[in-house]
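Here is the file run.txt (compact mmCIF, N, CA and C atoms and all ligand atoms).
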# COMPACT_ATOMS: atom_id res chain seq x y z
N MET X 242 119.94 124.25 63.21
CA MET X 242 120.40 123.16 64.08
C MET X 242 119.60 121.89 63.80
N ASN X 243 120.30 120.76 63.83
CA ASN X 243 119.63 119.49 63.56
C ASN X 243 119.78 118.52 64.74
N CYS X 244 118.90 117.50 64.74
CA CYS X 244 118.93 116.48 65.81
C CYS X 244 120.28 115.78 65.82
N GLY X 245 120.81 115.54 67.00
CA GLY X 245 122.10 114.90 67.13
C GLY X 245 122.11 113.47 66.65
N THR X 246 120.93 112.86 66.52
CA THR X 246 120.88 111.46 66.11
C THR X 246 120.41 111.30 64.68
N CYS X 247 119.33 112.03 64.32
CA CYS X 247 118.73 111.75 63.02
C CYS X 247 118.79 112.92 62.04
N ASP X 248 119.44 114.02 62.39
CA ASP X 248 119.58 115.16 61.48
C ASP X 248 118.28 115.85 61.12
N LYS X 249 117.22 115.63 61.89
CA LYS X 249 115.96 116.33 61.67
C LYS X 249 116.16 117.78 62.12
N PRO X 250 115.71 118.76 61.36
CA PRO X 250 115.89 120.16 61.78
C PRO X 250 115.15 120.47 63.08
N LEU X 251 115.79 121.24 63.96
CA LEU X 251 115.19 121.53 65.28
C LEU X 251 114.74 122.98 65.33
N GLY X 252 113.76 123.28 66.22
CA GLY X 252 113.27 124.64 66.40
C GLY X 252 114.30 125.50 67.11
N LYS X 253 114.07 126.84 67.11
CA LYS X 253 115.03 127.77 67.70
C LYS X 253 115.12 127.61 69.22
N LYS X 254 114.00 127.20 69.85
CA LYS X 254 113.98 127.11 71.31
C LYS X 254 114.51 125.77 71.83
N ASN X 255 114.88 124.87 70.96
CA ASN X 255 115.33 123.54 71.40
C ASN X 255 116.62 123.67 72.21
N VAL X 256 116.61 123.05 73.42
CA VAL X 256 117.80 123.11 74.27
C VAL X 256 118.50 121.76 74.37
N SER X 257 117.79 120.68 73.99
CA SER X 257 118.40 119.35 74.20
C SER X 257 119.35 118.98 73.07
N GLY X 258 119.13 119.54 71.88
CA GLY X 258 119.95 119.17 70.74
C GLY X 258 119.45 117.92 70.05
N TYR X 259 118.27 117.45 70.43
CA TYR X 259 117.68 116.26 69.80
C TYR X 259 116.25 116.56 69.40
N CYS X 260 115.75 115.84 68.41
CA CYS X 260 114.34 115.98 68.05
C CYS X 260 113.48 115.38 69.16
N ARG X 261 112.17 115.60 69.08
CA ARG X 261 111.28 115.11 70.14
C ARG X 261 111.44 113.62 70.38
N PHE X 262 111.48 112.87 69.29
CA PHE X 262 111.56 111.41 69.39
C PHE X 262 112.85 110.97 70.09
N HIS X 263 113.99 111.55 69.63
CA HIS X 263 115.26 111.08 70.20
C HIS X 263 115.52 111.65 71.58
N SER X 264 114.93 112.82 71.89
CA SER X 264 115.04 113.35 73.24
C SER X 264 114.32 112.43 74.23
N ALA X 265 113.11 112.00 73.87
CA ALA X 265 112.34 111.11 74.74
C ALA X 265 113.03 109.76 74.87
N ALA X 266 113.55 109.26 73.75
CA ALA X 266 114.22 107.96 73.78
C ALA X 266 115.43 108.00 74.71
N GLY X 267 116.17 109.12 74.63
CA GLY X 267 117.35 109.25 75.50
C GLY X 267 116.96 109.31 76.96
N LEU X 268 115.90 110.10 77.27
CA LEU X 268 115.47 110.21 78.67
C LEU X 268 114.94 108.88 79.19
N ASN X 269 114.19 108.16 78.33
CA ASN X 269 113.59 106.91 78.79
C ASN X 269 114.61 105.79 78.96
N SER X 270 115.80 105.98 78.39
CA SER X 270 116.79 104.92 78.56
C SER X 270 117.53 105.07 79.89
N ASP X 271 117.26 106.19 80.62
CA ASP X 271 117.90 106.40 81.92
C ASP X 271 117.15 105.59 82.98
N PRO X 272 117.80 104.58 83.57
CA PRO X 272 117.07 103.71 84.52
C PRO X 272 116.58 104.45 85.77
N VAL X 273 117.35 105.44 86.23
CA VAL X 273 116.92 106.19 87.42
C VAL X 273 115.64 106.95 87.12
N ARG X 274 115.65 107.63 85.96
CA ARG X 274 114.48 108.39 85.55
C ARG X 274 113.27 107.49 85.37
N LYS X 275 113.52 106.33 84.81
CA LYS X 275 112.44 105.36 84.60
C LYS X 275 111.84 104.93 85.94
N ALA X 276 112.72 104.64 86.90
CA ALA X 276 112.26 104.20 88.22
C ALA X 276 111.45 105.30 88.90
N LEU X 277 111.92 106.55 88.79
CA LEU X 277 111.20 107.67 89.38
C LEU X 277 109.82 107.82 88.76
N LYS X 278 109.79 107.69 87.45
CA LYS X 278 108.54 107.83 86.73
C LYS X 278 107.56 106.76 87.19
N TYR X 279 108.06 105.53 87.31
CA TYR X 279 107.20 104.43 87.73
C TYR X 279 106.70 104.65 89.15
N ALA X 280 107.61 105.09 90.03
CA ALA X 280 107.23 105.30 91.43
C ALA X 280 106.17 106.39 91.53
N ARG X 281 106.37 107.49 90.77
CA ARG X 281 105.41 108.59 90.81
C ARG X 281 104.06 108.11 90.31
N ARG X 282 104.10 107.30 89.26
CA ARG X 282 102.84 106.84 88.69
C ARG X 282 102.11 105.93 89.67
N SER X 283 102.84 105.03 90.34
CA SER X 283 102.14 104.11 91.23
C SER X 283 101.68 104.82 92.50
N ALA X 284 102.37 105.92 92.86
CA ALA X 284 101.95 106.65 94.06
C ALA X 284 100.64 107.38 93.82
N THR X 285 100.42 107.78 92.60
CA THR X 285 99.20 108.53 92.30
C THR X 285 98.30 107.72 91.39
N MET X 286 98.35 106.42 91.56
CA MET X 286 97.55 105.56 90.71
C MET X 286 96.10 106.02 90.72
N SER X 287 95.52 106.14 89.54
CA SER X 287 94.21 106.79 89.46
C SER X 287 93.10 105.90 90.01
N ALA X 288 93.19 104.57 89.83
CA ALA X 288 92.14 103.71 90.34
C ALA X 288 92.29 103.58 91.86
N PRO X 289 91.41 104.22 92.63
CA PRO X 289 91.62 104.27 94.08
C PRO X 289 91.53 102.89 94.73
N ASP X 290 90.68 102.02 94.20
CA ASP X 290 90.57 100.71 94.85
C ASP X 290 91.81 99.88 94.59
N ARG X 291 92.41 100.07 93.43
CA ARG X 291 93.63 99.32 93.12
C ARG X 291 94.76 99.77 94.05
N ARG X 292 94.83 101.08 94.24
CA ARG X 292 95.84 101.65 95.13
C ARG X 292 95.63 101.12 96.56
N ALA X 293 94.37 101.13 97.00
CA ALA X 293 94.06 100.66 98.35
C ALA X 293 94.41 99.19 98.50
N ARG X 294 94.08 98.42 97.44
CA ARG X 294 94.39 96.99 97.50
C ARG X 294 95.88 96.75 97.58
N MET X 295 96.64 97.54 96.81
CA MET X 295 98.09 97.37 96.81
C MET X 295 98.67 97.73 98.18
N ILE X 296 98.17 98.82 98.76
CA ILE X 296 98.66 99.22 100.09
C ILE X 296 98.32 98.14 101.12
N ALA X 297 97.09 97.61 101.02
CA ALA X 297 96.68 96.57 101.96
C ALA X 297 97.55 95.34 101.78
N HIS X 298 97.87 95.02 100.52
CA HIS X 298 98.70 93.85 100.24
C HIS X 298 100.09 94.02 100.85
N LEU X 299 100.69 95.19 100.63
CA LEU X 299 102.02 95.44 101.19
C LEU X 299 101.95 95.42 102.72
N GLY X 300 100.87 95.98 103.28
CA GLY X 300 100.70 95.97 104.73
C GLY X 300 100.60 94.56 105.25
N ARG X 301 99.88 93.71 104.50
CA ARG X 301 99.72 92.32 104.92
C ARG X 301 101.06 91.60 104.93
N ILE X 302 101.87 91.85 103.89
CA ILE X 302 103.17 91.20 103.82
C ILE X 302 103.99 91.56 105.06
N SER X 303 104.05 92.87 105.38
CA SER X 303 104.90 93.24 106.51
C SER X 303 104.27 92.78 107.81
N ALA X 304 102.92 92.79 107.91
CA ALA X 304 102.29 92.32 109.13
C ALA X 304 102.54 90.83 109.33
N ASP X 305 102.51 90.07 108.24
CA ASP X 305 102.79 88.63 108.35
C ASP X 305 104.20 88.40 108.84
N LYS X 306 105.13 89.22 108.33
CA LYS X 306 106.52 89.08 108.75
C LYS X 306 106.64 89.36 110.25
N VAL X 307 105.92 90.40 110.71
CA VAL X 307 105.99 90.76 112.13
C VAL X 307 105.35 89.66 112.97
N ARG X 308 104.23 89.10 112.49
CA ARG X 308 103.55 88.06 113.28
C ARG X 308 104.42 86.82 113.43
N GLY X 309 105.45 86.68 112.57
CA GLY X 309 106.34 85.55 112.70
C GLY X 309 107.09 85.53 114.02
N TRP X 310 107.35 86.70 114.60
CA TRP X 310 108.10 86.71 115.85
C TRP X 310 107.37 87.44 116.97
N CYS X 311 106.39 88.29 116.61
CA CYS X 311 105.78 89.18 117.60
C CYS X 311 104.57 88.52 118.25
N PRO X 312 104.47 88.57 119.59
CA PRO X 312 103.25 88.07 120.23
C PRO X 312 102.05 88.86 119.69
N PRO X 313 100.92 88.19 119.43
CA PRO X 313 99.81 88.85 118.75
C PRO X 313 99.33 90.13 119.44
N GLU X 314 99.38 90.16 120.79
CA GLU X 314 98.85 91.34 121.48
C GLU X 314 99.78 92.55 121.34
N TYR X 315 100.98 92.32 120.76
CA TYR X 315 101.92 93.45 120.61
C TYR X 315 102.07 93.92 119.17
N VAL X 316 101.34 93.29 118.25
CA VAL X 316 101.49 93.65 116.84
C VAL X 316 101.12 95.12 116.62
N ASP X 317 99.98 95.54 117.20
CA ASP X 317 99.55 96.94 117.02
C ASP X 317 100.57 97.90 117.62
N GLU X 318 101.08 97.54 118.79
CA GLU X 318 102.07 98.40 119.45
C GLU X 318 103.33 98.49 118.59
N TYR X 319 103.73 97.36 117.99
CA TYR X 319 104.91 97.37 117.12
C TYR X 319 104.71 98.37 115.98
N PHE X 320 103.55 98.30 115.33
CA PHE X 320 103.33 99.21 114.19
C PHE X 320 103.20 100.65 114.65
N ARG X 321 102.67 100.86 115.87
CA ARG X 321 102.59 102.23 116.39
C ARG X 321 104.01 102.78 116.57
N LEU X 322 104.90 101.96 117.15
CA LEU X 322 106.28 102.41 117.36
C LEU X 322 106.98 102.62 116.02
N ASN X 323 106.79 101.66 115.12
CA ASN X 323 107.53 101.69 113.86
C ASN X 323 107.04 102.79 112.94
N ARG X 324 105.71 102.99 112.86
CA ARG X 324 105.18 103.93 111.87
C ARG X 324 104.92 105.30 112.44
N LYS X 325 104.38 105.36 113.68
CA LYS X 325 104.00 106.67 114.20
C LYS X 325 105.12 107.29 115.02
N LYS X 326 105.86 106.47 115.78
CA LYS X 326 106.90 107.04 116.64
C LYS X 326 108.24 107.12 115.92
N GLY X 327 108.33 106.60 114.70
CA GLY X 327 109.52 106.77 113.90
C GLY X 327 110.70 105.89 114.29
N LEU X 328 110.45 104.81 115.03
CA LEU X 328 111.55 103.89 115.34
C LEU X 328 111.81 103.01 114.12
N THR X 329 113.07 102.61 113.93
CA THR X 329 113.37 101.67 112.85
C THR X 329 112.82 100.31 113.25
N ALA X 330 112.70 99.42 112.27
CA ALA X 330 112.15 98.09 112.55
C ALA X 330 112.94 97.35 113.63
N PRO X 331 114.28 97.31 113.57
CA PRO X 331 115.02 96.60 114.63
C PRO X 331 114.85 97.25 116.01
N GLU X 332 114.78 98.59 116.05
CA GLU X 332 114.56 99.27 117.34
C GLU X 332 113.20 98.90 117.92
N ALA X 333 112.18 98.97 117.06
CA ALA X 333 110.83 98.66 117.52
C ALA X 333 110.75 97.20 117.97
N LYS X 334 111.43 96.32 117.24
CA LYS X 334 111.41 94.90 117.61
C LYS X 334 112.06 94.71 118.98
N ALA X 335 113.18 95.40 119.21
CA ALA X 335 113.86 95.28 120.51
C ALA X 335 112.96 95.75 121.63
N VAL X 336 112.25 96.87 121.42
CA VAL X 336 111.35 97.39 122.45
C VAL X 336 110.24 96.39 122.73
N ILE X 337 109.66 95.85 121.65
CA ILE X 337 108.54 94.91 121.83
C ILE X 337 109.00 93.65 122.56
N LEU X 338 110.17 93.14 122.17
CA LEU X 338 110.64 91.91 122.82
C LEU X 338 110.91 92.16 124.30
N LYS X 339 111.42 93.37 124.61
CA LYS X 339 111.67 93.70 126.01
C LYS X 339 110.36 93.79 126.78
N LEU X 340 109.37 94.46 126.19
CA LEU X 340 108.06 94.58 126.83
C LEU X 340 107.44 93.20 127.06
N ALA X 341 107.51 92.35 126.02
CA ALA X 341 106.89 91.04 126.10
C ALA X 341 107.58 90.19 127.17
N ALA X 342 108.92 90.29 127.24
CA ALA X 342 109.66 89.50 128.23
C ALA X 342 109.31 89.97 129.63
N ALA X 343 109.19 91.30 129.82
CA ALA X 343 108.85 91.83 131.14
C ALA X 343 107.46 91.38 131.55
N ALA X 344 106.51 91.42 130.61
CA ALA X 344 105.14 91.02 130.91
C ALA X 344 105.09 89.53 131.27
N GLU X 345 105.89 88.72 130.54
CA GLU X 345 105.91 87.27 130.80
C GLU X 345 106.49 86.99 132.19
N ARG X 346 107.58 87.70 132.53
CA ARG X 346 108.16 87.52 133.87
C ARG X 346 107.15 87.86 134.95
N LYS X 347 106.43 88.98 134.73
CA LYS X 347 105.44 89.43 135.71
C LYS X 347 104.33 88.39 135.85
N ARG X 348 103.90 87.84 134.73
CA ARG X 348 102.80 86.87 134.75
C ARG X 348 103.24 85.60 135.48
N LEU X 349 104.46 85.14 135.17
CA LEU X 349 104.95 83.92 135.82
C LEU X 349 105.17 84.14 137.31
N ALA X 350 105.61 85.37 137.68
CA ALA X 350 105.86 85.65 139.10
C ALA X 350 104.58 85.63 139.90
N ALA X 351 103.45 85.93 139.25
CA ALA X 351 102.17 85.97 139.95
C ALA X 351 101.58 84.58 140.15
N MET X 352 102.20 83.55 139.53
CA MET X 352 101.65 82.19 139.61
C MET X 352 102.38 81.40 140.70
N THR X 353 101.70 80.38 141.19
CA THR X 353 102.37 79.49 142.14
C THR X 353 103.23 78.52 141.33
N PRO X 354 104.22 77.90 141.97
CA PRO X 354 105.05 76.92 141.24
C PRO X 354 104.21 75.81 140.62
N PHE X 355 103.13 75.40 141.36
CA PHE X 355 102.27 74.35 140.83
C PHE X 355 101.57 74.81 139.55
N GLU X 356 101.08 76.07 139.56
CA GLU X 356 100.42 76.59 138.36
C GLU X 356 101.40 76.66 137.19
N ARG X 357 102.65 77.04 137.51
CA ARG X 357 103.65 77.10 136.44
C ARG X 357 103.90 75.71 135.85
N SER X 358 104.00 74.71 136.73
CA SER X 358 104.20 73.35 136.24
C SER X 358 103.02 72.90 135.39
N MET X 359 101.80 73.19 135.88
CA MET X 359 100.62 72.76 135.14
C MET X 359 100.58 73.43 133.77
N GLU X 360 101.00 74.70 133.72
CA GLU X 360 101.00 75.39 132.43
C GLU X 360 102.01 74.75 131.48
N ARG X 361 103.19 74.42 132.00
CA ARG X 361 104.19 73.78 131.15
C ARG X 361 103.66 72.47 130.59
N ILE X 362 102.94 71.71 131.45
CA ILE X 362 102.40 70.43 130.99
C ILE X 362 101.32 70.67 129.93
N ARG X 363 100.47 71.69 130.19
CA ARG X 363 99.43 72.04 129.20
C ARG X 363 100.05 72.39 127.86
N MET X 364 101.23 73.04 127.90
CA MET X 364 101.87 73.44 126.65
C MET X 364 102.71 72.32 126.05
N GLY X 365 102.57 71.11 126.60
CA GLY X 365 103.17 69.95 125.95
C GLY X 365 104.43 69.43 126.59
N ALA X 366 104.80 70.00 127.74
CA ALA X 366 106.00 69.49 128.40
C ALA X 366 105.69 68.10 128.93
N GLY X 367 106.57 67.16 128.70
CA GLY X 367 106.35 65.82 129.19
C GLY X 367 106.78 65.71 130.65
N ILE X 368 106.27 64.69 131.31
CA ILE X 368 106.70 64.46 132.69
C ILE X 368 107.94 63.58 132.63
N THR X 369 109.00 64.03 133.26
CA THR X 369 110.23 63.25 133.27
C THR X 369 110.59 62.93 134.70
N THR X 370 111.34 61.86 134.89
CA THR X 370 111.81 61.56 136.24
C THR X 370 113.13 62.28 136.44
N LYS X 371 113.27 62.82 137.64
CA LYS X 371 114.52 63.51 137.94
C LYS X 371 115.56 62.47 138.29
N PRO X 372 116.73 62.51 137.73
CA PRO X 372 117.76 61.55 138.13
C PRO X 372 118.13 61.77 139.60
N ASP X 373 118.24 60.71 140.32
CA ASP X 373 118.58 60.81 141.74
C ASP X 373 120.10 60.79 141.86
N LEU X 374 120.66 61.94 142.17
CA LEU X 374 122.12 62.05 142.18
C LEU X 374 122.71 61.80 143.57
N ARG X 375 121.85 61.52 144.54
CA ARG X 375 122.39 61.27 145.88
C ARG X 375 123.08 59.91 145.88
N LYS X 376 124.08 59.83 146.75
CA LYS X 376 124.77 58.53 146.89
C LYS X 376 123.84 57.56 147.61
N ALA X 377 123.83 56.36 147.15
CA ALA X 377 122.99 55.38 147.80
C ALA X 377 123.49 55.15 149.23
N ASP X 378 122.55 55.10 150.17
CA ASP X 378 122.94 54.79 151.55
C ASP X 378 123.26 53.30 151.63
N PRO X 379 124.37 52.96 152.27
CA PRO X 379 124.61 51.53 152.46
C PRO X 379 123.56 50.98 153.41
N ALA X 380 123.09 49.81 153.12
CA ALA X 380 122.05 49.21 153.95
C ALA X 380 122.63 48.69 155.26
N PHE X 381 123.95 48.67 155.37
CA PHE X 381 124.58 48.14 156.60
C PHE X 381 125.91 48.85 156.78
N THR X 382 126.52 48.70 157.90
CA THR X 382 127.87 49.18 158.12
C THR X 382 128.73 47.99 158.52
N LEU X 383 130.02 48.11 158.33
CA LEU X 383 130.92 47.05 158.73
C LEU X 383 131.65 47.50 160.00
N GLY X 384 130.88 47.67 160.98
CA GLY X 384 131.47 48.04 162.26
C GLY X 384 132.23 49.33 162.21
N GLY X 385 131.69 50.33 161.54
CA GLY X 385 132.30 51.65 161.54
C GLY X 385 133.23 51.89 160.39
N ILE X 386 133.51 50.89 159.54
CA ILE X 386 134.35 51.12 158.38
C ILE X 386 133.49 51.76 157.27
N ALA X 387 133.93 52.89 156.83
CA ALA X 387 133.13 53.59 155.81
C ALA X 387 133.07 52.73 154.54
N SER X 388 131.86 52.58 153.99
CA SER X 388 131.72 51.72 152.81
C SER X 388 132.50 52.28 151.62
N GLY X 389 132.73 53.60 151.63
CA GLY X 389 133.50 54.20 150.54
C GLY X 389 134.95 53.75 150.55
N ALA X 390 135.44 53.31 151.70
CA ALA X 390 136.83 52.89 151.80
C ALA X 390 137.04 51.45 151.34
N LEU X 391 135.95 50.75 151.06
CA LEU X 391 136.11 49.33 150.66
C LEU X 391 136.58 49.19 149.23
ZN ZN X 401 116.19 112.73 66.09
Produce C-alpha cells that represent the structure in this file.
Amino acid sequence: MNCGTCDKPLGKKNVSGYCRFHSAAGLNSDPVRKALKYARRSATMSAPDRRARMIAHLGRISADKVRGWCPPEYVDEYFRLNRKKGLTAPEAKAVILKLAAAAERKRLAAMTPFERSMERIRMGAGITTKPDLRKADPAFTLGGIASGAL
C-alpha cells in the first residue's frame, strides 16, 4: 500500500492511507482540529505566570465591561452570581439592577425631602425656577363682572 498523495510505501499497520507527512498535513488543514489543538495548548500553557497573566487580563476585560453599568459595591456580587451560582450574564445583570434599584429606593426613602434636594444639588442639579401656572389674580373687580368674561 502506498500514500494516497505521494505514493510513498506505507507500513502494514497504517490505517489512514497516507504517509506520516501527508497524514499530518491533512489533519492540520482541518480548522476545527486546529482550534481544538490551540485551545488545549493554551489551557495547559506550561509557563504558569503567563497563564495567570492571561487569565487576569481576560478577567480585567470582563470586569471593566461590568463596571460600565454595575454600581461598584455590586461588582463582586455580580461575579458571584455569574460564576459561582451559574446565572447567565443577562440574568445576573437583571438581578443586580433590581437589587441596586431596591437599595436606592430604600436609601432615598430614609432621607428627608430637604436631604434629597441637597443631594441632587450636590450631584450637579441646577436650581431652576418653577413656572407659576396659577392664573393671575385681577388686582380689581368691575363690580362683580368676572374678568375672564371681558
Ligand atoms: Zn505522502
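The smallest atom-to-atom distance between Tyr315 in chain X and any of X:Ala330, X:Ala343, X:Ile337, X:Ile302, using all atoms listed in the file, is found for X:Ile337.
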If the limit is 6.5 Å from any atom of ligand ZN 401 (chain X), counting only N, CA and C atoms and all ligand atoms, which residues qualify? Return them as a PDB file with N, CA and C atoms, in the frame of the given file.
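Now in part19.pdb:
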ATOM      1  N   CYS X 244     118.900 117.500  64.740  1.00  0.00           N
ATOM      2  CA  CYS X 244     118.930 116.480  65.810  1.00  0.00           C
ATOM      3  C   CYS X 244     120.280 115.780  65.820  1.00  0.00           C
ATOM      4  N   GLY X 245     120.810 115.540  67.000  1.00  0.00           N
ATOM      5  CA  GLY X 245     122.100 114.900  67.130  1.00  0.00           C
ATOM      6  C   GLY X 245     122.110 113.470  66.650  1.00  0.00           C
ATOM      7  N   THR X 246     120.930 112.860  66.520  1.00  0.00           N
ATOM      8  CA  THR X 246     120.880 111.460  66.110  1.00  0.00           C
ATOM      9  C   THR X 246     120.410 111.300  64.680  1.00  0.00           C
ATOM     10  N   CYS X 247     119.330 112.030  64.320  1.00  0.00           N
ATOM     11  CA  CYS X 247     118.730 111.750  63.020  1.00  0.00           C
ATOM     12  C   CYS X 247     118.790 112.920  62.040  1.00  0.00           C
ATOM     13  N   ASP X 248     119.440 114.020  62.390  1.00  0.00           N
ATOM     14  CA  ASP X 248     119.580 115.160  61.480  1.00  0.00           C
ATOM     15  C   ASP X 248     118.280 115.850  61.120  1.00  0.00           C
ATOM     16  N   LYS X 249     117.220 115.630  61.890  1.00  0.00           N
ATOM     17  CA  LYS X 249     115.960 116.330  61.670  1.00  0.00           C
ATOM     18  C   LYS X 249     116.160 117.780  62.120  1.00  0.00           C
ATOM     19  N   TYR X 259     118.270 117.450  70.430  1.00  0.00           N
ATOM     20  CA  TYR X 259     117.680 116.260  69.800  1.00  0.00           C
ATOM     21  C   TYR X 259     116.250 116.560  69.400  1.00  0.00           C
ATOM     22  N   CYS X 260     115.750 115.840  68.410  1.00  0.00           N
ATOM     23  CA  CYS X 260     114.340 115.980  68.050  1.00  0.00           C
ATOM     24  C   CYS X 260     113.480 115.380  69.160  1.00  0.00           C
ATOM     25  N   ARG X 261     112.170 115.600  69.080  1.00  0.00           N
ATOM     26  CA  ARG X 261     111.280 115.110  70.140  1.00  0.00           C
ATOM     27  C   ARG X 261     111.440 113.620  70.380  1.00  0.00           C
ATOM     28  N   PHE X 262     111.480 112.870  69.290  1.00  0.00           N
ATOM     29  CA  PHE X 262     111.560 111.410  69.390  1.00  0.00           C
ATOM     30  C   PHE X 262     112.850 110.970  70.090  1.00  0.00           C
ATOM     31  N   HIS X 263     113.990 111.550  69.630  1.00  0.00           N
ATOM     32  CA  HIS X 263     115.260 111.080  70.200  1.00  0.00           C
ATOM     33  C   HIS X 263     115.520 111.650  71.580  1.00  0.00           C
ATOM     34  N   SER X 264     114.930 112.820  71.890  1.00  0.00           N
ATOM     35  CA  SER X 264     115.040 113.350  73.240  1.00  0.00           C
ATOM     36  C   SER X 264     114.320 112.430  74.230  1.00  0.00           C
TER      37      SER X 264
END
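The space separating atom C of Val307 in chain X from atom C of Lys334 in chain X comes to 10.3 Å.
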Helix (DSSP H, G or I) call set, DSSP backbone run, chain X, as a ChimeraX atom specification: /X:261-269,272-284,289-308,313-325,330-350,354-363,388-390
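Between CA of Pro331 in chain X and CA of Lys306 in chain X the interatomic distance comes to 12.8 Å.
Across the structure, atom C of Arg361 in chain X and atom C of Leu374 in chain X are spaced 25.4 Å apart.
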Leaving out Ser303 in chain X and any residue of its chain fewer than 3 positions from it, which residues lie within 12 Å of it when counting only C-alpha atoms, given as a list in words? Ile296, Ala297, His298, Leu299, Gly300, Lys306, Val307, Arg308, Gly309, Trp310, Cys311, Val316, Tyr319, Phe320, Asn323, Arg324 and Ala330 of chain X
